[in-house]
Amino acid sequence: MTSKELSKGKSFQNRTTGWKYSVWARYLLFLFLVILFYFSLASKLLPERYDIQEGTRSEVDIAAPMQIPNTKATLKAQEEAAERVQPIYQIVQLRNENLMTTLLDRIDRLNQDDQISSQDKIDIYRDEIPQRQKDFVSNFINNNRKAGTYSETLLEEIRNVVQEQSYRIPEETYIKISRLTSDDIQEMKSVGRDIVSRLMTDQISDATTARAKVAEMVSVSSLSKRTQREVVQELARLVVTSNRFYDEEGTKEAKVQARENTQTVYIKQGDTLVAKGEMITPEMYALLDENDLLKNEVNYWPQLGLLMLSCLLSAAILMYIQQFSGTHFKYNNAQLLMLVLIFIITIVLMHVTAFIQTADRSYVGFLAPVAVGAMLIALLLDTSLAFVCSIIIGMLSSIILNTHQGQIFDFELGFFAVLVSFVAIFATYRASQRSTILKGAIMVCLFGSIAVFTLSLIDTGDWNRTTTLYGVGFAFAGGVLTAILVIGLMPFFETSFGILSALKLVELSNPNHPLLRKLLTETPGTYHHSVMVGNLSEAAAEAIGANGLLCRVGSYYHDIGKTKRPIYFIENQNNMENPHDSIDPKLSKSIIVAHARDGVEMQKDYKLPKPIRDIAEQHHGTTFLHYFYHKALRQAEEAGVEPDFTEEDFRYPGPKAQSKESAIVGIADSVEAAVRSLRKPTVEQVESMIEKIIKGRLDDHQFNDCDLTMRELDIVAKTLKETVMGIFHSRIEYPEEIKKPKPTSPEAG
């Protein structure tokens with residue numbers, strides 16, 4: 001088996017069996033994520049249960065896992081509230097003055113009838129006047145019963161009270177009534193009606209009290225005759241009744257309302273329900289049973305529900321990544337492990353905040369730096385994934401930081417978490433400096449504080465000025481804490497997982513880096529070449545959606561190994577002979593191919609990240625050194641000996657490009673060197689040369705280990721052509737310029 005086949009087989013094995021690309025390891029990580037979600041939410045959604053019996057002593061202290069309603073204390077408070085309710089009385093306007101008018105009208109008509117004797121009139125009055133008073137009350141009750149104005153119990157109360165407080169007119173009054181003239185009665189009408197009306201404007205619980213005022217009011221009236229005053233006085237006493245009646249149903253309803261309005265008495269979360277060694281009374285046992293704190297029956301439904309919720313959250317992340325991964329899973333298992341660690345850190349921060357949070361101080365939840373997870377994912381992995389994870393983090397925070405009883409999610413905290421996470425992602429999108437994290441934190445502080453203030457304006461029930469100020473302050477402090485944690489955690493993830501964030505790449509592109517300074521001072525030609533390759537590769541990579549910044553920075557370091565033997569590389573041979581002309585081609589080949597290995601070793605010494613080292617090691621792949629191979633063949637022919645070497649001996653050791661970025665840098669490296677070698681390049685030459693280089697590498701199977709497609713190679717070729725013409729514009733002759741005649745005079749030039 002050839003070394004080429006071995007290299008290809010080894011690369012395939014590493015991709016399929018290495019733990020970073022193992023499918024089983026991937027699903028184990030997502031299973032761990034399910035377990036993480038389950039146990040992080042269990043304390044909030046699954047209360048601890050105890051195996052105890054009534055009449056025994058508790059072996060442990062049992063604390064309230066949440067705010068638990070105290071039924072016994074609540075019932076007692078309700079009864080006390082009901083007892084404090086005062087009897088309800090209704091003021092009922094019977095319109096008694098109308099009865100006074102009716103009686104006097106009847107008296108007037110009867111007295112004018114001369115066919116009836118005085119004695120008969122007296123007998124009629126004795127029977128009819130009290131009856132008319134009773135009928136008046138009965139009619140009022142019947143009419144209101146039909147109309148439904150008052151309750152039945154209140155109407156019966158009116159009937160009973162009026163009967164109990166009824167007034168009996170003296171016998172001599174009937175005699176006086178029979179002697180009244182029509183003129184007397186007309187005078188009495190207005191006075192009697194006015195007296196009754198004035199008396200009934202007051203609240204009368206006992207008619208006897210009101211009747212005692214009648215004599216005084218009659219004495220100061222306009223009536224001049226004694227008979228008139230005496231009759232009006234007695235009739236008014238008959239007509240006047242109570243108008244303030246006890247409302248039994250209203251009182252009962254008020255007591256019910258008082259019970260309902262009594263706030264539930266709660267046992268606060270963390271309060272001791274049962275102390276260690278305390279006897280379990282029937283009441284205590286019932287309390288524990290009502291709140292599902294006993295293991296007296298098997299109920300796995302809550303656990304199943306929580307498990308399903310955890311699976312759904314984890315599956316959402318998995319399906320999103322698979323949806324946008326194309327033919328290959330977008331992230332390796334090392335990156336997924338980092339994602340799991342970010343979730344662990346974020347959840348731990350939530351639980352730490354929840355530990356110092358209470359139901360009375362729910363605003364402490366805004367202190368939780370929930371945006372840490374979203375910001376780290378955006379900086380280290382992918383922005384779109386960060387948005388999805390922000391929603392998951394928002395759901396987790398709305399459960400973990402929830403202090404409200406009777407609801408699973410706290411909308412306010414969930415909304416706050418999603419909002420600040422989105423703001424953090426937008427603020428740090430494509431961050432190129434560490435200071436960008438601080439700017440992002442300022443945005444988190446600002447928008448977080450505004451969000452809390454907005455919520456306080458909308459939900460006026462649970463907020464007041466003090467809680468609003470505390471909430472805004474904690475939200476602002478949470479943003480500051482987010483910046484501190486992200487800045488502190490970024491180097492850990494970058495170093496531990498070999499993650500090259502945009503921030504790290506920008507730092508590595510600084511010309512003051514020791515390796516770049518060494519490259520510039522010792523091999524200025526190679527430095528210039530590396531800068532040109534960086535420009536070309538970045539443009540090509542961004543055109544196909546690859547990491548352009550990684551290509552640029554990788555290009556800066558891809559030829560760092562040439563600093564060990566700078567004069568053996570043509571770009572550093574200024575005004576000197578080429579040393580390769582006087583040495584054996586095999587030695588030349590060894591020197592040339594060594595620069596990739598030497599560069600990797602130098603980068604390891606300076607602890608450069610693996611993706612940068614991979615570009616230096618893979619940018620030549622296993623390409624063939626045609627010049628030195630044919631030179632060795634000529635020397636063998638001239639010496640008349642059989643060659644003791646093969647084409648494989650004049651190839652780079654590889655490995656082939658394992659990523660799009662390594663492949664693009666390799667193409668740009670060859671294109672830049674080829675363009676530099678042309679004395680007067682034309683557009684056709686540049687285009688043909690780029691196509692030749694890409695086709696040669698494609699035919700040589702240099703792209704077999706990376707996922708570059710033919711369409712992407714066409715885009716790379718087109719982009720390189722445009723970029724080369726932009727960089728080397730002054731050197732490239734365009735067709736129009738070639739056909740243009742030369743100037744005939746200096747002025748024409």
# chains A, B, ... in the order shown; residues from 1 in each chain; ligands from 1
$ select_by_dssp --residues "stretch 45-149 of chain A" --states "helix (DSSP H, G or I)" --output "PyMOL selection string"
chain A and resi 45+71-83+96-111+118-147
$ write_last_selection --atoms "C-alpha atoms" --output "PDB file, in the first residue's frame"
ATOM      1  CA  LEU A  45     -40.643  21.200  39.885  1.00  0.00           C
ATOM      2  CA  THR A  71     -55.185  25.278  55.533  1.00  0.00           C
ATOM      3  CA  LYS A  72     -55.890  25.265  59.271  1.00  0.00           C
ATOM      4  CA  ALA A  73     -54.531  28.755  59.829  1.00  0.00           C
ATOM      5  CA  THR A  74     -56.306  30.003  56.723  1.00  0.00           C
ATOM      6  CA  LEU A  75     -59.691  28.643  57.922  1.00  0.00           C
ATOM      7  CA  LYS A  76     -59.191  30.275  61.292  1.00  0.00           C
ATOM      8  CA  ALA A  77     -58.349  33.593  59.652  1.00  0.00           C
ATOM      9  CA  GLN A  78     -61.433  33.282  57.443  1.00  0.00           C
ATOM     10  CA  GLU A  79     -63.744  32.682  60.415  1.00  0.00           C
ATOM     11  CA  GLU A  80     -62.240  35.618  62.279  1.00  0.00           C
ATOM     12  CA  ALA A  81     -62.804  37.804  59.235  1.00  0.00           C
ATOM     13  CA  ALA A  82     -66.422  36.609  58.982  1.00  0.00           C
ATOM     14  CA  GLU A  83     -67.022  37.369  62.661  1.00  0.00           C
ATOM     15  CA  ASN A  96     -95.164  56.373  53.509  1.00  0.00           C
ATOM     16  CA  GLU A  97     -96.247  59.939  52.640  1.00  0.00           C
ATOM     17  CA  ASN A  98     -98.340  58.434  49.844  1.00  0.00           C
ATOM     18  CA  LEU A  99    -100.237  56.404  52.432  1.00  0.00           C
ATOM     19  CA  MET A 100    -100.939  59.604  54.384  1.00  0.00           C
ATOM     20  CA  THR A 101    -102.409  61.202  51.253  1.00  0.00           C
ATOM     21  CA  THR A 102    -104.478  58.100  50.484  1.00  0.00           C
ATOM     22  CA  LEU A 103    -105.980  57.990  54.004  1.00  0.00           C
ATOM     23  CA  LEU A 104    -106.922  61.678  54.021  1.00  0.00           C
ATOM     24  CA  ASP A 105    -108.487  61.385  50.553  1.00  0.00           C
ATOM     25  CA  ARG A 106    -110.565  58.445  51.764  1.00  0.00           C
ATOM     26  CA  ILE A 107    -111.647  60.389  54.868  1.00  0.00           C
ATOM     27  CA  ASP A 108    -112.575  63.389  52.726  1.00  0.00           C
ATOM     28  CA  ARG A 109    -114.794  61.326  50.419  1.00  0.00           C
ATOM     29  CA  LEU A 110    -116.486  59.421  53.265  1.00  0.00           C
ATOM     30  CA  ASN A 111    -117.174  62.552  55.381  1.00  0.00           C
ATOM     31  CA  SER A 118    -121.546  59.392  61.949  1.00  0.00           C
ATOM     32  CA  GLN A 119    -121.474  56.121  63.862  1.00  0.00           C
ATOM     33  CA  ASP A 120    -121.189  54.129  60.664  1.00  0.00           C
ATOM     34  CA  LYS A 121    -118.353  56.366  59.567  1.00  0.00           C
ATOM     35  CA  ILE A 122    -116.582  55.760  62.873  1.00  0.00           C
ATOM     36  CA  ASP A 123    -116.991  51.998  62.459  1.00  0.00           C
ATOM     37  CA  ILE A 124    -115.675  52.166  58.903  1.00  0.00           C
ATOM     38  CA  TYR A 125    -112.636  54.173  59.960  1.00  0.00           C
ATOM     39  CA  ARG A 126    -111.938  51.800  62.840  1.00  0.00           C
ATOM     40  CA  ASP A 127    -111.739  48.848  60.427  1.00  0.00           C
ATOM     41  CA  GLU A 128    -110.455  50.441  57.247  1.00  0.00           C
ATOM     42  CA  ILE A 129    -107.619  52.725  58.351  1.00  0.00           C
ATOM     43  CA  PRO A 130    -105.470  49.988  60.028  1.00  0.00           C
ATOM     44  CA  GLN A 131    -106.271  47.654  57.130  1.00  0.00           C
ATOM     45  CA  ARG A 132    -105.171  50.201  54.580  1.00  0.00           C
ATOM     46  CA  GLN A 133    -101.848  50.485  56.404  1.00  0.00           C
ATOM     47  CA  LYS A 134    -101.420  46.710  56.232  1.00  0.00           C
ATOM     48  CA  ASP A 135    -102.459  46.620  52.573  1.00  0.00           C
ATOM     49  CA  PHE A 136     -99.980  49.395  51.791  1.00  0.00           C
ATOM     50  CA  VAL A 137     -97.117  47.315  53.166  1.00  0.00           C
ATOM     51  CA  SER A 138     -98.372  44.130  51.492  1.00  0.00           C
ATOM     52  CA  ASN A 139     -98.652  45.850  48.119  1.00  0.00           C
ATOM     53  CA  PHE A 140     -95.112  47.187  48.460  1.00  0.00           C
ATOM     54  CA  ILE A 141     -93.809  43.695  49.235  1.00  0.00           C
ATOM     55  CA  ASN A 142     -95.713  42.049  46.385  1.00  0.00           C
ATOM     56  CA  ASN A 143     -94.620  44.624  43.824  1.00  0.00           C
ATOM     57  CA  ASN A 144     -90.966  44.334  44.787  1.00  0.00           C
ATOM     58  CA  ARG A 145     -91.174  40.555  44.875  1.00  0.00           C
ATOM     59  CA  LYS A 146     -92.292  40.594  41.255  1.00  0.00           C
ATOM     60  CA  ALA A 147     -89.677  43.153  40.289  1.00  0.00           C
TER      61      ALA A 147
END
$ residues_around --residues "A:Ser688" --least-positions-apart "3" --cutoff "12 Å" --atoms "only C-alpha atoms" --output "list in words"
Val671, Ala674, Val675, Pro681, Thr682, Val683, Glu684, Gln685, Glu691, Lys692, Ile693, Ile694, Lys695, Gly696, Ala717, Lys718, Leu720 and Lys721 of chain A
$ atom_distance --atom1 "atom CA of A:Tyr285" --atom2 "atom CA of A:Pro302"
21.6 Å
$ atom_distance --atom1 "atom CA of A:Ile344" --atom2 "atom CA of A:Gly448"
22.6 Å
$ atom_distance --atom1 "atom CA of A:Ser662" --atom2 "atom CA of A:Gly554"
8.3 Å
$ closest_residue --among "A:Val533, A:Val231, A:Ile62, A:Val23" --to "A:Val274" --atoms "only C-alpha atoms"
A:Ile62
$ residues_around --residues "A:Ala543" --least-positions-apart "3" --cutoff "8 Å" --atoms "only C-alpha atoms" --output "ChimeraX atom specification"
/A:539-540,546,715-716,719
$ residues_around --residues "stretch 246-255 of chain A" --least-positions-apart "5" --cutoff "7 Å" --atoms "only C-alpha atoms" --output "MDAnalysis selection string"
chainID A and resid 82 85 87:90 153:154
$ closest_residue --among "A:Leu401, A:Leu33, A:Ile592, A:Lys20" --to "A:Cys311" --atoms "only C-alpha atoms"
A:Leu33
$ residues_around --residues "stretch 215-227 of chain A" --least-positions-apart "5" --cutoff "7 Å" --atoms "only C-alpha atoms" --output "PyMOL selection string"
chain A and resi 176+191+195+233
$ residues_around --residues "A:Ser43" --least-positions-apart "6" --cutoff "12 Å" --atoms "only C-alpha atoms" --output "number ranges by chain"
A: 37, 49, 65-66, 303, 306, 351, 354-355, 399-402
$ write_last_selection --atoms "all heavy atoms" --output "mmCIF file, in the first residue's frame"
data_model
loop_
_atom_site.group_PDB
_atom_site.id
_atom_site.type_symbol
_atom_site.label_atom_id
_atom_site.label_comp_id
_atom_site.auth_asym_id
_atom_site.auth_seq_id
_atom_site.Cartn_x
_atom_site.Cartn_y
_atom_site.Cartn_z
ATOM 1 N N PHE A 37 -30.516 19.227 32.369
ATOM 2 C CA PHE A 37 -31.773 19.970 32.457
ATOM 3 C C PHE A 37 -32.689 19.356 33.519
ATOM 4 O O PHE A 37 -33.342 20.078 34.283
ATOM 5 C CB PHE A 37 -32.478 19.971 31.100
ATOM 6 C CG PHE A 37 -31.775 20.790 30.047
ATOM 7 C CD1 PHE A 37 -31.944 20.510 28.696
ATOM 8 C CD2 PHE A 37 -30.945 21.835 30.401
ATOM 9 C CE1 PHE A 37 -31.306 21.259 27.730
ATOM 10 C CE2 PHE A 37 -30.292 22.593 29.444
ATOM 11 C CZ PHE A 37 -30.478 22.298 28.103
ATOM 12 N N ARG A 49 -39.937 13.967 48.747
ATOM 13 C CA ARG A 49 -40.954 13.204 49.472
ATOM 14 C C ARG A 49 -40.307 12.455 50.633
ATOM 15 O O ARG A 49 -39.119 12.095 50.569
ATOM 16 C CB ARG A 49 -41.652 12.208 48.536
ATOM 17 C CG ARG A 49 -42.491 12.892 47.459
ATOM 18 C CD ARG A 49 -42.979 11.885 46.434
ATOM 19 N NE ARG A 49 -43.847 12.512 45.452
ATOM 20 C CZ ARG A 49 -45.162 12.518 45.514
ATOM 21 N NH1 ARG A 49 -45.777 11.902 46.519
ATOM 22 N NH2 ARG A 49 -45.886 13.118 44.593
ATOM 23 N N PRO A 65 -40.573 22.897 50.872
ATOM 24 C CA PRO A 65 -39.801 23.059 49.640
ATOM 25 C C PRO A 65 -40.227 24.271 48.834
ATOM 26 O O PRO A 65 -39.519 24.727 47.959
ATOM 27 C CB PRO A 65 -40.097 21.760 48.868
ATOM 28 C CG PRO A 65 -41.442 21.343 49.357
ATOM 29 C CD PRO A 65 -41.512 21.764 50.799
ATOM 30 N N MET A 66 -41.399 24.752 49.136
ATOM 31 C CA MET A 66 -41.924 25.931 48.471
ATOM 32 C C MET A 66 -42.914 26.587 49.430
ATOM 33 O O MET A 66 -43.129 26.105 50.533
ATOM 34 C CB MET A 66 -42.616 25.550 47.161
ATOM 35 C CG MET A 66 -43.798 24.604 47.333
ATOM 36 S SD MET A 66 -44.486 24.052 45.767
ATOM 37 C CE MET A 66 -43.142 23.037 45.170
ATOM 38 N N GLN A 303 -42.313 13.223 37.414
ATOM 39 C CA GLN A 303 -40.978 12.906 36.927
ATOM 40 C C GLN A 303 -40.978 12.698 35.417
ATOM 41 O O GLN A 303 -40.065 13.158 34.709
ATOM 42 C CB GLN A 303 -40.433 11.644 37.627
ATOM 43 C CG GLN A 303 -40.052 11.853 39.080
ATOM 44 C CD GLN A 303 -41.231 11.692 40.029
ATOM 45 O OE1 GLN A 303 -42.384 11.720 39.605
ATOM 46 N NE2 GLN A 303 -40.950 11.540 41.312
ATOM 47 N N LEU A 306 -41.233 16.093 33.701
ATOM 48 C CA LEU A 306 -39.974 16.822 33.731
ATOM 49 C C LEU A 306 -38.967 16.211 32.762
ATOM 50 O O LEU A 306 -38.222 16.928 32.080
ATOM 51 C CB LEU A 306 -39.405 16.829 35.155
ATOM 52 C CG LEU A 306 -38.051 17.516 35.339
ATOM 53 C CD1 LEU A 306 -38.094 18.951 34.825
ATOM 54 C CD2 LEU A 306 -37.636 17.484 36.799
ATOM 55 N N HIS A 351 -28.725 29.091 39.785
ATOM 56 C CA HIS A 351 -29.026 28.493 41.088
ATOM 57 C C HIS A 351 -28.373 29.278 42.229
ATOM 58 O O HIS A 351 -28.951 29.375 43.314
ATOM 59 C CB HIS A 351 -28.560 27.036 41.109
ATOM 60 C CG HIS A 351 -29.543 26.082 40.494
ATOM 61 N ND1 HIS A 351 -30.708 25.702 41.128
ATOM 62 C CD2 HIS A 351 -29.546 25.456 39.291
ATOM 63 C CE1 HIS A 351 -31.387 24.873 40.357
ATOM 64 N NE2 HIS A 351 -30.710 24.709 39.229
ATOM 65 N N ALA A 354 -30.637 32.087 42.712
ATOM 66 C CA ALA A 354 -31.883 31.627 43.334
ATOM 67 C C ALA A 354 -31.694 31.341 44.818
ATOM 68 O O ALA A 354 -32.646 31.452 45.600
ATOM 69 C CB ALA A 354 -32.388 30.378 42.616
ATOM 70 N N PHE A 355 -30.459 30.985 45.221
ATOM 71 C CA PHE A 355 -30.187 30.678 46.632
ATOM 72 C C PHE A 355 -30.354 31.913 47.516
ATOM 73 O O PHE A 355 -30.797 31.810 48.664
ATOM 74 C CB PHE A 355 -28.770 30.116 46.763
ATOM 75 C CG PHE A 355 -28.392 29.754 48.170
ATOM 76 C CD1 PHE A 355 -28.881 28.595 48.762
ATOM 77 C CD2 PHE A 355 -27.555 30.578 48.912
ATOM 78 C CE1 PHE A 355 -28.536 28.270 50.068
ATOM 79 C CE2 PHE A 355 -27.205 30.259 50.219
ATOM 80 C CZ PHE A 355 -27.703 29.100 50.796
ATOM 81 N N ILE A 399 -37.957 29.194 35.185
ATOM 82 C CA ILE A 399 -38.317 28.138 36.140
ATOM 83 C C ILE A 399 -37.436 28.209 37.381
ATOM 84 O O ILE A 399 -37.920 28.199 38.516
ATOM 85 C CB ILE A 399 -38.194 26.752 35.482
ATOM 86 C CG1 ILE A 399 -39.177 26.629 34.311
ATOM 87 C CG2 ILE A 399 -38.458 25.645 36.501
ATOM 88 C CD1 ILE A 399 -39.043 25.344 33.521
ATOM 89 N N ILE A 400 -36.123 28.277 37.169
ATOM 90 C CA ILE A 400 -35.180 28.235 38.295
ATOM 91 C C ILE A 400 -35.334 29.458 39.188
ATOM 92 O O ILE A 400 -35.242 29.364 40.420
ATOM 93 C CB ILE A 400 -33.735 28.116 37.763
ATOM 94 C CG1 ILE A 400 -33.552 26.783 37.024
ATOM 95 C CG2 ILE A 400 -32.727 28.229 38.901
ATOM 96 C CD1 ILE A 400 -32.212 26.648 36.332
ATOM 97 N N LEU A 401 -35.570 30.627 38.589
ATOM 98 C CA LEU A 401 -35.652 31.870 39.359
ATOM 99 C C LEU A 401 -37.092 32.246 39.714
ATOM 100 O O LEU A 401 -37.334 33.337 40.225
ATOM 101 C CB LEU A 401 -35.010 33.014 38.560
ATOM 102 C CG LEU A 401 -33.525 32.833 38.226
ATOM 103 C CD1 LEU A 401 -33.046 33.944 37.303
ATOM 104 C CD2 LEU A 401 -32.683 32.804 39.499
ATOM 105 N N ASN A 402 -38.022 31.341 39.459
ATOM 106 C CA ASN A 402 -39.433 31.616 39.749
ATOM 107 C C ASN A 402 -39.709 31.488 41.249
ATOM 108 O O ASN A 402 -39.401 30.477 41.866
ATOM 109 C CB ASN A 402 -40.308 30.642 38.969
ATOM 110 C CG ASN A 402 -41.790 30.858 39.244
ATOM 111 O OD1 ASN A 402 -42.211 31.958 39.581
ATOM 112 N ND2 ASN A 402 -42.559 29.805 39.106
#
$ closest_residue --among "A:Ala657, A:Gln86, A:Ala673, A:Ile342" --to "A:Asp707" --atoms "only C-alpha atoms"
A:Ala657
$ closest_residue --among "A:Leu385, A:Leu446, A:Ala616, A:Val162" --to "A:Phe476" --atoms "only C-alpha atoms"
A:Leu446
$ select_by_dssp --residues "stretch 16-216 of chain A" --states "strand (DSSP E or B)" --output "NGL selection string"
:A and (50 or 57 or 62-63 or 68-69 or 89-91)
